[in-house]
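Working notes for the structure below.
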There are 2 protein chains.
Amino acid sequence: MRPIGRRPGNPDTRNDIIKSARRLFADSGYEQTSVRDIAAAAGVDPALIRHYFGSKAELFRSAVGWPFEPDAISERIIEGDSRQIGTRLTRVFLEAWERPDSRAPLLAILRGAATHEESTALVRQFFQGQMYPQLATQLAGPDSELRVDLAMAQLLGIAYLRHVLRVEPLASTPADELIARVTPAIVAHLTPA
Amino acid sequence: MRPIGRRPGNPDTRNDIIKSARRLFADSGYEQTSVRDIAAAAGVDPALIRHYFGSKAELFRSAVGWPFEPDAISERIIEGDSRQIGTRLTRVFLEAWERPDSRAPLLAILRGAATHEESTALVRQFFQGQMYPQLATQLAGPDSELRVDLAMAQLLGIAYLRHVLRVEPLASTPADELIARVTPAIVAHLTPA
């Protein structure tokens with residue numbers, strides 16, 4: 001006999017909801033996406049979303065995390081010749097935006113960060129808690145954190161113009177050409193004067 | 001006798017509404033700001049906002065324009081020694097974000113652009129319709145528009161980290177120091193290889 005009460009989540013249904021939520025948050029941002037929209041896209045009853053996730057904010061937290069392990073990505077950037085950190089940072093960052101599976105959650109976070117404190121905190125925490133301490137200790141000079149800021153501002157600005165505003169010609173420049181163009185700017189930022 | 005029907009707008013009340021709308025759109029973004037919030041902040045009845053502006057979208061259009069004349073700002077950047085365009089662009093852009101009266105509408109536009117098509121269009125139009133044709137013709141080389149994109153990505157990314165995410169140490173670096181640090185990157189982008 002099936003037990004009465006809170007059912008364990010069906011992993012397929014739960015995944016369908018998360019996938020739909022991720023796509024809709026990415027396309028429209030947090031504010032403009034309703035639980036009802038996500039339910040419709042996933043083909044489930046809105047009540048099921050509340051059953052699995054509680055609230056829209058909790059669904060956002062479950063669906064929209066970083067599409068990678070922050071520690072693993074920091075390692076990929078930091079390991080190896082320290083003079084190549086700028087080159088690796090540029091490639092890892094911009095390539096994450098090119099893959100559709102990681103672009104969707106990154107877009108959701110970036111769109112969300114502009115207006116939704118949950119996303120803002122996620123981005124700020126990644127910068128200040130993960131990326132910075134690790135990157136900055138690899139870089140010489142007392143102003144290494146400001147130099148990381150300027151490099152990240154360049155990369156984030158490119159993601160914003162290319163994927164959110166879709167400004168041309170940046171939006172349709174091939175990724176490899178873009179990486180080649182941007183790398184010297186990032187290396188210059190990360191190299192002490 | 002006072003005529004019946006649509007009253008002419010009282011310029012003071014109208015200005016109060018516009019000021020409150022500008023501040024709330026800047027603080028919270030388009031989606032999270034309601035006509036009711038704006039009415040409360042301006043100390044007027046929500047019906048009066050609908051009377052003056054029709055809809056929230058029309059109020060946004062009236063309240064959140066560029067805090068400068070795009071043509072005038074382009075002129076300030078372009079006029080003079082063409083080798084100094086990068087220096088002037090950096091200063092004009094970053095200083096506009098430092099003045100509270102222009103920062104509020106710029107924040108509203110940047111926050112809005114992430115999720116709200118009206119803002120996205122405003123930013124894209126400024127880039128592609130105003131800034132680019134004028135800047136790009138002053139710069140040599142077949143890739144001048146891409147170089148303007150990379151420079152604008154750097155500047156926009158700094159505004160985003162400094163004023164939206166408030167990432168440190170960028171958020172509290174004095175403006176003049178920041179301008180001095182960023183200028184070489186912008187000049188490098190705008191100078192053909």
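In the structure tokens, the first chain shown is A, the next is B, and so on; residue numbers restart at 1 for each chain, and ligands run from 1 in the order shown.
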
Practice task
Apply DSSP to the backbone of this structure and, from range 24-181 of chain B, keep only the residues in helix (DSSP H, G or I); write these as a VMD selection string.
Solution key: chain B and resid 24 to 32 35 to 42 46 to 53 56 to 63 70 to 78 82 to 98 100 to 115 117 to 138 144 to 165 170 to 172 175 to 181

Problem - Residues of chain A within 7 Å of chain B, only C-alpha atoms counted, as a PyMOL selection string - result: chain A and resi 28-29+31+111+114-115+120+124+145-146+149-150+153-154+156-158+161+164-165+167+169-170+185

Taking N, CA, C and O atoms for each residue, export the selection above as a CSV table (one decimal), in the first residue's frame.
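result_32.csv, freshly written:
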chain,number,residue,atom,x,y,z
A,28,SER,N,13.5,35.4,-19.3
A,28,SER,CA,12.6,36.5,-18.9
A,28,SER,C,13.1,37.2,-17.6
A,28,SER,O,12.5,38.2,-17.2
A,29,GLY,N,14.0,36.5,-16.9
A,29,GLY,CA,14.4,37.1,-15.6
A,29,GLY,C,13.4,36.6,-14.5
A,29,GLY,O,12.3,36.0,-14.8
A,31,GLU,N,11.6,38.3,-12.1
A,31,GLU,CA,10.4,38.9,-11.8
A,31,GLU,C,9.3,38.6,-12.8
A,31,GLU,O,8.1,38.4,-12.4
A,111,ARG,N,20.7,38.3,-15.5
A,111,ARG,CA,19.5,39.1,-15.6
A,111,ARG,C,18.9,39.3,-14.2
A,111,ARG,O,18.4,40.4,-13.9
A,114,ALA,N,20.5,42.0,-11.7
A,114,ALA,CA,20.2,43.5,-11.9
A,114,ALA,C,19.0,43.9,-11.0
A,114,ALA,O,19.0,45.1,-10.6
A,115,THR,N,18.1,43.0,-10.7
A,115,THR,CA,16.9,43.4,-9.9
A,115,THR,C,16.6,42.6,-8.7
A,115,THR,O,15.7,42.9,-8.0
A,120,THR,N,21.9,38.9,-7.1
A,120,THR,CA,23.0,39.8,-6.8
A,120,THR,C,23.9,39.2,-5.8
A,120,THR,O,25.1,39.2,-5.9
A,124,ARG,N,27.8,38.4,-6.2
A,124,ARG,CA,28.8,39.1,-5.3
A,124,ARG,C,29.6,38.0,-4.5
A,124,ARG,O,30.8,38.2,-4.4
A,145,GLU,N,43.4,42.9,-6.1
A,145,GLU,CA,41.9,42.7,-6.1
A,145,GLU,C,41.2,43.7,-7.1
A,145,GLU,O,40.3,43.4,-7.7
A,146,LEU,N,41.7,44.9,-7.1
A,146,LEU,CA,41.2,45.9,-8.0
A,146,LEU,C,41.5,45.5,-9.5
A,146,LEU,O,40.6,45.7,-10.3
A,149,ASP,N,39.0,43.0,-10.4
A,149,ASP,CA,37.7,43.7,-10.6
A,149,ASP,C,37.7,44.2,-12.1
A,149,ASP,O,36.6,44.1,-12.8
A,150,LEU,N,38.7,44.9,-12.5
A,150,LEU,CA,38.7,45.5,-13.8
A,150,LEU,C,38.7,44.4,-14.9
A,150,LEU,O,38.0,44.6,-15.9
A,153,ALA,N,35.2,43.0,-14.9
A,153,ALA,CA,34.2,44.0,-15.4
A,153,ALA,C,34.3,43.9,-17.0
A,153,ALA,O,33.2,44.0,-17.6
A,154,GLN,N,35.5,43.7,-17.5
A,154,GLN,CA,35.6,43.6,-19.0
A,154,GLN,C,34.9,42.3,-19.5
A,154,GLN,O,34.1,42.4,-20.4
A,156,LEU,N,32.5,40.5,-17.9
A,156,LEU,CA,31.0,40.6,-17.6
A,156,LEU,C,30.4,41.5,-18.6
A,156,LEU,O,29.3,41.3,-19.1
A,157,GLY,N,31.0,42.6,-18.9
A,157,GLY,CA,30.5,43.6,-19.8
A,157,GLY,C,30.3,43.0,-21.2
A,157,GLY,O,29.3,43.2,-21.9
A,158,ILE,N,31.3,42.1,-21.6
A,158,ILE,CA,31.2,41.4,-22.9
A,158,ILE,C,30.0,40.5,-22.9
A,158,ILE,O,29.2,40.5,-23.9
A,161,LEU,N,26.8,42.7,-23.2
A,161,LEU,CA,26.6,43.2,-24.6
A,161,LEU,C,26.3,42.1,-25.6
A,161,LEU,O,25.4,42.3,-26.5
A,164,VAL,N,22.9,39.6,-23.5
A,164,VAL,CA,21.7,40.3,-23.0
A,164,VAL,C,21.2,41.4,-24.0
A,164,VAL,O,20.1,41.3,-24.5
A,165,LEU,N,22.1,42.3,-24.3
A,165,LEU,CA,21.7,43.4,-25.2
A,165,LEU,C,21.8,43.0,-26.7
A,165,LEU,O,21.2,43.6,-27.5
A,167,VAL,N,24.3,43.4,-28.9
A,167,VAL,CA,24.8,44.5,-29.7
A,167,VAL,C,25.7,44.0,-30.7
A,167,VAL,O,26.6,43.2,-30.5
A,169,PRO,N,28.7,44.6,-33.7
A,169,PRO,CA,29.1,43.3,-34.2
A,169,PRO,C,29.5,42.3,-33.1
A,169,PRO,O,29.7,41.2,-33.4
A,170,LEU,N,29.5,42.7,-31.8
A,170,LEU,CA,30.0,41.8,-30.8
A,170,LEU,C,29.1,40.5,-30.7
A,170,LEU,O,29.7,39.5,-30.5
A,185,ALA,N,43.7,42.3,-23.3
A,185,ALA,CA,43.1,43.3,-22.3
A,185,ALA,C,43.1,42.7,-20.9
A,185,ALA,O,43.4,43.4,-19.9

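With only C-alpha atoms as the basis for measurement, B:Gly43 is the residue among B:Pro192, B:Gly80, B:Gly43, B:Pro174 that approaches Arg14 in chain B most closely.
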
Practice task
With a distance cut-off of 10 Å and only C-alpha atoms, select the neighbouring residues of Ala57 in chain A, excluding the residue or stretch itself and same-chain residues fewer than 3 positions from it, and output the selection as a PyMOL selection string.
Solution key: chain A and resi 30+35+53-54+60-63+118

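Distances here use only C-alpha atoms; by that measure, the residue among A:Thr33, A:Gln130, A:Ser172, A:Asn15 closest to Ser74 in chain A is A:Gln130.
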
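The space separating CA of Glu79 in chain A from CA of Met131 in chain A comes to 13.3 Å.
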
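Shell of Leu139 in chain B at 8 Å, with only C-alpha atoms counted and residues fewer than 5 places along the chain excluded, is Ser82, Ser144, Leu190 and Thr191 of chain B.
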
Handout entry: Exercise: Ser20 in chain A partners within 7 Å, only C-alpha atoms, chain neighbours under 3 positions left out, as number ranges by chain
Key = A: 16-17, 23-24, 38, 41-42

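Reported to one decimal place, the separation of CA of Ala39 in chain B from CA of Leu59 in chain B is 11.6 Å.
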
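The coordinates place CA of Ile49 in chain A at 13.6 Å from CA of Arg22 in chain A.
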